[in-house]
Every structure is written in C-alpha cells, then in structure tokens.
There are 2 protein chains.
Amino acid sequence: MSEKEAEELLLELKEKAELMVDLAYSSVLYDNKEIAEEVYELEDFVDALNEELQKLAIKDVKSGELELNEGLAIIQLGSCSEAIADAARDIADVELRDVELHPVLRESIMEADEVFVRVRVAEDSVLTDKSIGEVKLASKTGMWIIAIKRNGKWIYDPNKYMKIMEGDVLFCKGTREGMEHFIALAKGEEKEI
Amino acid sequence: MSEKEAEELLLELKEKAELMVDLAYSSVLYDNKEIAEEVYELEDFVDALNEELQKLAIKDVKSGELELNEGLAIIQLGSCSEAIADAARDIADVELRDVELHPVLRESIMEADEVFVRVRVAEDSVLTDKSIGEVKLASKTGMWIIAIKRNGKWIYDPNKYMKIMEGDVLFCKGTREGMEHFIALAKGEEKEI
C-alpha cells in the first residue's frame, strides 16, 4: 500500500480532530463565533480526509497489501478521529446557537488542568518578532498556540516557523502551572523565557 | 440549581474524556492491554457522570433555576464529552482486539506534535522522590504524566502531590520539543530540570 499516504492521512486526521476540540472550547470560553465557524469548516475537511483514508484501506485490503484486520484497524482509528471531530463541532454549536453560558459553567472549563488562555502580545514582549520554535514556547512554558488573530485575520494551528508579532492575539492551550509565566512573557512583564 | 455540582460534573466529564483519549492512544502505541482496559472502565464511569449531569440540568430547568437553552447547552456539552469518551473506547478496542498495528501506523501516532512517551525512572534521576508539583514537570518540560506503573500497580492521572519513585514507569503526553529533555531527566542523564 501507499503506507506513507495512510500514515499521513491518519496523522492529519488525529491532529485536526484534536485542534477542533481545543478551538471549540476556546470559542465557548471567549464567546467567539469566528473560531466556532472555523471548527465547522474543519469538520468538512476531516470528513473528506476520513473518506479518503477508508478508501485507501479498502483498496489495500483488496490488493492484499494489508491484512483484513489491519485494514479494519485503520478504518476504526480514522472513525474515532471523526467522532471526536463531530463532538468538537457540537461544542462549537453551543457557541453558535447564541446561548449565553452560565459563568459558573464557563469557569468549569477554565478550571481544568489544561487551560485555555487568550493574550495580546506587547511591543516589548520577549516573544515579539521571534518564531514559535525559536523561543521553544511549548517546552519552556507548557503552553502552545492553537490560533493567532493578527490584523483581523486568523492563523490556525501555526507551525514552529511562524513569527509572533506585536499586537497578535494568541489563543493558547496548556498546563495551569505554565499559564502565568506565559501571560507575563506575552505582556512584556517578564523577560526571561 | 446546585451550580457547584453542575460545574464539578462537567469539569470531571471533560477531564476524564480527555484522559481516556490519551490513555487509549498510549495503549495502542505500547501494545498495552491493561491501559486499554482502564479506558473501558472509565467509560462506564463517564456514562454515569453524564446521566447524573443530564438529570441535574433537567431538574433545574423544571424548577426555573436554569433557562431552557442553558439547560440544553449543559446537556450538549456533557454529551460531547461522552462522545469523545466513546471514541476513546473505540481506540482502546483496536488494542484489545489484538490487531498488530502496522509499524508505520504506530509511527503516525508518534509523529504528531503531541507525543506519547514511556520511560522508567532511574535511581539517580533528579525526579526520584520528588512530587510532580515540586519539580514543575509540565511547565519545565512540556510533558505530563497520564499514568504510572509502580510495582505492578497502576496510578492513573496522578495529581501534583504524587511522588515519583525509582523504578516507576511513567506514561506521559506532551510536546515533541520537551520529550528528549524529559527522557534524559528520568533516566538520570540530565540533572537540571
């Protein structure tokens, strides 16, 4: 089979589904319909990816390049990612249906061990004009960027080469213990990463 | 309503569902049926939690303490977590059905930005005899522990007061960039956290 293709498809499915869950919670927390709409768009993309993966798996079972139960495992793993993506869309739907969440419920999402943070990057932040990989954001602070709002435009799931710019609004996910340090860095209040 | 209760239930649902996804991927990666079985047990727990949450929401709508659409939002958020938990169970099912995953597929899970790591703690590791909170593992390395195997027993989702002990096998999730540093710390090869 085109193992490479199956590998890439499964990986992309898994990552997109997880990104969708993070974005969906962010959209609810920050009452942000644009993020919620991105979740909807990603869902169509994920559906298409999964269809492609399933066809590949069936083709490879047919040609004998995959055992039957290997093919089934691939299809099941793909379907799980799609189920997670569907759940993310339903979370985003809570935001899009204009339900004002009870503040206590909003807090319940905030109080998890994994937290969501939104912060604007200050001019004098040590992060300004550096790439995400350069500052080793994730391993130094335990936080990573799931979306950036820059000059009214959105960048979702930025890679490590993406530069952080002054005025960027960063939507991040991470661990509770790294949150305050990260916010202080973005605001320019702390200089040592 | 017992806002506190609804808050706690939703938070617990969300966290347990996410833990289940992490454990499920670990079980597939490390071909570990015990972890996969824990996922199954957690699923029953999540189902019960969700049922409790739904009853609470309906009761509070009936008594007028919640608006109808607030109640529906709570039910929808709870159902999303349950759907994610179901997907996790299906991933664990791939492991329990004894399908030998194609190594390329296993790698596809390993190559995501979020990685899973399994490592044994050495006697001379700086982590030995320290609590998870004390070493600030998550914010210092970008990795966190989802399960510990200690003397043949399992500890799932340990809190920050849990001490890391020599010989512990740590199952962790985290960012790719923090992985090597973390492994070196656990093995005692690096001493500075």
# chains A, B, ... in the order shown; residues from 1 in each chain; ligands from 1
call {"tool": "residues_around", "arguments": {"residues": "stretch 127-134 of chain B", "least_positions_apart": "6", "cutoff": "6 Å", "atoms": "only C-alpha atoms", "output": "list in words"}}
result
Lys160, Tyr161, Met162, Lys163, Ile164, Met165 and Glu166 of chain B
call {"tool": "interface_residues", "arguments": {"of": "chain A", "to": "chain B", "cutoff": "7 Å", "atoms": "only C-alpha atoms", "output": "ChimeraX atom specification"}}
result
/A:3,7-8,10-11,15,69-70,73,77,80,83-84,87,90-91,94,99,101,104-105,108-109,112,138-142,175,177-178
call {"tool": "write_last_selection", "arguments": {"atoms": "C-alpha atoms", "output": "tab-separated table (two decimals), in the first residue's frame"}}
result
chain	number	residue	atom	x	y	z
A	3	GLU	CA	1.91	3.27	3.63
A	7	GLU	CA	0.30	7.30	7.77
A	8	GLU	CA	-0.03	10.91	6.70
A	10	LEU	CA	-4.23	9.21	9.91
A	11	LEU	CA	-1.84	11.68	11.49
A	15	GLU	CA	-4.26	16.32	14.77
A	69	ASN	CA	-7.79	-6.80	10.40
A	70	GLU	CA	-5.09	-4.21	9.72
A	73	ALA	CA	-7.95	-1.12	12.50
A	77	LEU	CA	-8.86	4.69	14.16
A	80	CYS	CA	-12.60	7.61	16.10
A	83	ALA	CA	-16.21	11.05	16.07
A	84	ILE	CA	-14.00	13.38	18.10
A	87	ALA	CA	-18.08	16.19	19.18
A	90	ASP	CA	-21.28	20.07	18.67
A	91	ILE	CA	-19.32	22.05	21.26
A	94	VAL	CA	-23.25	25.67	21.68
A	99	VAL	CA	-26.57	30.51	24.32
A	101	LEU	CA	-23.28	30.16	29.12
A	104	VAL	CA	-20.10	29.03	36.51
A	105	LEU	CA	-20.13	26.63	33.58
A	108	SER	CA	-15.71	24.80	34.88
A	109	ILE	CA	-13.89	24.68	31.54
A	112	ALA	CA	-9.44	22.05	34.28
A	138	ALA	CA	5.89	24.70	24.49
A	139	SER	CA	8.80	23.19	26.36
A	140	LYS	CA	9.69	26.39	28.22
A	141	THR	CA	6.22	27.37	29.35
A	142	GLY	CA	3.99	24.33	28.86
A	175	THR	CA	-0.93	23.50	31.65
A	177	GLU	CA	1.28	25.89	36.09
A	178	GLY	CA	2.76	27.46	32.96
call {"tool": "select_by_dssp", "arguments": {"residues": "stretch 6-161 of chain A", "states": "helix (DSSP H, G or I)", "output": "PyMOL selection string"}}
result
chain A and resi 6-29+33-62+68-96+103-110+137-141
call {"tool": "calpha_fit_and_write", "arguments": {"fixed": "chain B", "moving": "chain A", "output": "short mmCIF file (atom, residue, chain, number, x, y, z; two decimals) with C-alpha atoms, in the first residue's frame"}}
result
data_model
loop_
_atom_site.label_atom_id
_atom_site.label_comp_id
_atom_site.auth_asym_id
_atom_site.auth_seq_id
_atom_site.Cartn_x
_atom_site.Cartn_y
_atom_site.Cartn_z
CA MET A 1 -29.44 25.06 40.95
CA SER A 2 -26.55 23.42 42.59
CA GLU A 3 -24.24 25.33 40.26
CA LYS A 4 -21.28 23.94 42.05
CA GLU A 5 -22.41 20.42 41.32
CA ALA A 6 -23.02 21.06 37.62
CA GLU A 7 -19.66 22.78 37.35
CA GLU A 8 -17.87 19.90 39.02
CA LEU A 9 -19.65 17.28 36.97
CA LEU A 10 -18.92 18.98 33.64
CA LEU A 11 -15.29 19.52 34.56
CA GLU A 12 -14.85 15.91 35.65
CA LEU A 13 -16.55 14.66 32.48
CA LYS A 14 -14.32 16.76 30.27
CA GLU A 15 -11.10 15.75 32.01
CA LYS A 16 -11.95 12.07 32.16
CA ALA A 17 -12.87 12.00 28.46
CA GLU A 18 -9.58 13.63 27.53
CA LEU A 19 -7.62 11.31 29.80
CA MET A 20 -9.35 8.39 28.07
CA VAL A 21 -8.20 9.56 24.64
CA ASP A 22 -4.61 9.88 25.87
CA LEU A 23 -4.68 6.48 27.55
CA ALA A 24 -6.27 4.90 24.49
CA TYR A 25 -3.52 6.13 22.19
CA SER A 26 -0.90 5.01 24.70
CA SER A 27 -2.44 1.55 24.86
CA VAL A 28 -2.24 1.20 21.07
CA LEU A 29 1.28 2.60 20.87
CA TYR A 30 2.73 0.44 23.61
CA ASP A 31 0.55 -2.58 22.85
CA ASN A 32 -0.68 -2.47 26.44
CA LYS A 33 -3.97 -4.20 27.23
CA GLU A 34 -4.07 -3.07 30.86
CA ILE A 35 -4.28 0.56 29.83
CA ALA A 36 -6.90 -0.33 27.22
CA GLU A 37 -8.98 -2.03 29.91
CA GLU A 38 -8.74 1.04 32.12
CA VAL A 39 -10.21 3.03 29.23
CA TYR A 40 -13.17 0.64 29.19
CA GLU A 41 -13.70 1.08 32.91
CA LEU A 42 -13.52 4.84 32.66
CA GLU A 43 -16.16 4.75 29.96
CA ASP A 44 -18.74 3.30 32.36
CA PHE A 45 -17.81 5.98 34.85
CA VAL A 46 -18.20 8.72 32.25
CA ASP A 47 -21.60 7.37 31.19
CA ALA A 48 -22.79 7.51 34.79
CA LEU A 49 -21.43 11.04 35.26
CA ASN A 50 -23.19 12.26 32.14
CA GLU A 51 -26.49 10.74 33.22
CA GLU A 52 -26.19 12.50 36.54
CA LEU A 53 -25.39 15.81 34.82
CA GLN A 54 -28.37 15.52 32.49
CA LYS A 55 -30.74 14.82 35.36
CA LEU A 56 -29.41 17.83 37.24
CA ALA A 57 -29.86 20.07 34.20
CA ILE A 58 -33.43 18.94 33.63
CA LYS A 59 -34.27 19.34 37.30
CA ASP A 60 -32.91 22.89 37.30
CA VAL A 61 -34.80 23.84 34.15
CA LYS A 62 -37.97 22.48 35.72
CA SER A 63 -37.46 24.45 38.90
CA GLY A 64 -36.71 27.61 36.90
CA GLU A 65 -33.18 27.95 38.19
CA LEU A 66 -31.83 27.53 34.67
CA GLU A 67 -33.11 28.94 31.40
CA LEU A 68 -34.19 26.28 28.94
CA ASN A 69 -31.34 27.00 26.54
CA GLU A 70 -28.82 27.02 29.38
CA GLY A 71 -30.02 23.58 30.36
CA LEU A 72 -29.73 22.43 26.75
CA ALA A 73 -26.19 23.81 26.51
CA ILE A 74 -25.17 21.85 29.59
CA ILE A 75 -26.67 18.68 28.19
CA GLN A 76 -24.94 19.22 24.86
CA LEU A 77 -21.52 19.88 26.41
CA GLY A 78 -21.90 16.75 28.54
CA SER A 79 -22.90 14.69 25.52
CA CYS A 80 -19.86 15.92 23.61
CA SER A 81 -17.57 14.69 26.36
CA GLU A 82 -19.35 11.36 26.32
CA ALA A 83 -18.93 11.14 22.54
CA ILE A 84 -15.21 11.77 22.95
CA ALA A 85 -15.11 9.06 25.64
CA ASP A 86 -16.85 6.65 23.26
CA ALA A 87 -14.27 7.39 20.58
CA ALA A 88 -11.51 6.70 23.10
CA ARG A 89 -13.09 3.35 23.93
CA ASP A 90 -13.14 2.47 20.24
CA ILE A 91 -9.44 3.32 19.99
CA ALA A 92 -8.75 1.07 22.99
CA ASP A 93 -10.82 -1.59 21.26
CA VAL A 94 -8.26 -1.67 18.44
CA GLU A 95 -5.71 -2.70 21.08
CA LEU A 96 -7.99 -5.23 22.78
CA ARG A 97 -8.92 -6.93 19.53
CA ASP A 98 -5.32 -8.03 19.23
CA VAL A 99 -4.68 -6.39 15.91
CA GLU A 100 -0.98 -6.00 15.36
CA LEU A 101 -0.78 -2.45 14.08
CA HIS A 102 1.40 -1.88 11.09
CA PRO A 103 4.56 -0.18 12.42
CA VAL A 104 4.03 2.66 9.99
CA LEU A 105 0.63 3.35 11.50
CA ARG A 106 2.04 3.25 14.99
CA GLU A 107 4.62 5.80 13.91
CA SER A 108 1.89 8.02 12.54
CA ILE A 109 0.61 8.41 16.11
CA MET A 110 4.15 9.00 17.37
CA GLU A 111 4.87 11.66 14.80
CA ALA A 112 2.17 14.04 15.84
CA ASP A 113 3.13 17.30 17.56
CA GLU A 114 1.75 15.86 20.75
CA VAL A 115 3.81 12.84 21.63
CA PHE A 116 3.41 9.91 23.97
CA VAL A 117 6.39 8.70 25.91
CA ARG A 118 7.05 5.75 28.21
CA VAL A 119 10.13 5.89 30.42
CA ARG A 120 11.44 4.19 33.58
CA VAL A 121 12.69 6.44 36.38
CA ALA A 122 16.32 5.78 37.33
CA GLU A 123 17.57 5.79 40.92
CA ASP A 124 19.80 8.77 40.23
CA SER A 125 17.12 10.75 38.38
CA VAL A 126 16.49 14.24 39.76
CA LEU A 127 12.79 13.35 39.65
CA THR A 128 13.14 10.48 42.15
CA ASP A 129 11.38 11.08 45.48
CA LYS A 130 10.00 14.44 44.35
CA SER A 131 6.35 15.25 43.85
CA ILE A 132 5.06 16.12 40.40
CA GLY A 133 4.16 19.63 41.58
CA GLU A 134 7.52 20.16 43.26
CA VAL A 135 9.48 19.64 40.04
CA LYS A 136 6.93 21.62 37.98
CA LEU A 137 7.18 18.91 35.39
CA ALA A 138 4.59 20.27 32.97
CA SER A 139 5.81 23.84 32.80
CA LYS A 140 9.51 22.93 32.84
CA THR A 141 9.44 20.18 30.25
CA GLY A 142 6.11 20.44 28.43
CA MET A 143 5.33 16.83 29.39
CA TRP A 144 2.80 15.49 31.83
CA ILE A 145 2.14 12.11 33.36
CA ILE A 146 -1.07 10.35 32.42
CA ALA A 147 -0.30 7.06 34.16
CA ILE A 148 2.33 5.45 36.39
CA LYS A 149 3.04 1.74 36.65
CA ARG A 150 4.55 1.10 40.08
CA ASN A 151 5.34 -2.36 41.42
CA GLY A 152 2.85 -3.93 39.03
CA LYS A 153 0.06 -1.53 40.03
CA TRP A 154 -1.36 1.36 38.05
CA ILE A 155 -1.91 4.95 39.08
CA TYR A 156 -3.94 6.88 36.52
CA ASP A 157 -4.00 10.66 36.16
CA PRO A 158 -1.79 11.32 39.22
CA ASN A 159 -2.20 14.71 40.89
CA LYS A 160 0.59 17.15 41.74
CA TYR A 161 1.11 15.71 45.21
CA MET A 162 2.06 12.28 43.85
CA LYS A 163 5.72 11.43 44.45
CA ILE A 164 7.76 10.01 41.60
CA MET A 165 9.69 6.93 42.73
CA GLU A 166 12.66 4.98 41.45
CA GLY A 167 11.55 2.26 39.07
CA ASP A 168 8.25 3.97 38.21
CA VAL A 169 7.29 3.52 34.59
CA LEU A 170 5.84 6.85 33.52
CA PHE A 171 3.39 7.08 30.62
CA CYS A 172 3.41 10.69 29.52
CA LYS A 173 1.99 13.01 26.96
CA GLY A 174 3.45 16.28 25.85
CA THR A 175 5.13 18.33 23.21
CA ARG A 176 7.76 16.97 20.86
CA GLU A 177 10.30 19.62 21.82
CA GLY A 178 10.19 18.74 25.52
CA MET A 179 10.39 14.99 25.05
CA GLU A 180 14.14 14.42 24.95
CA HIS A 181 14.88 16.64 27.92
CA PHE A 182 12.19 14.84 29.90
CA ILE A 183 13.51 11.38 29.02
CA ALA A 184 17.06 12.43 29.95
CA LEU A 185 15.81 13.71 33.32
CA ALA A 186 13.97 10.47 34.06
CA LYS A 187 16.98 8.37 33.09
CA GLY A 188 19.28 10.47 35.27
CA GLU A 189 21.31 11.63 32.28
CA GLU A 190 20.44 15.27 32.83
CA LYS A 191 20.31 16.86 36.25
CA GLU A 192 18.91 20.30 35.60
CA ILE A 193 15.15 20.40 35.23
#
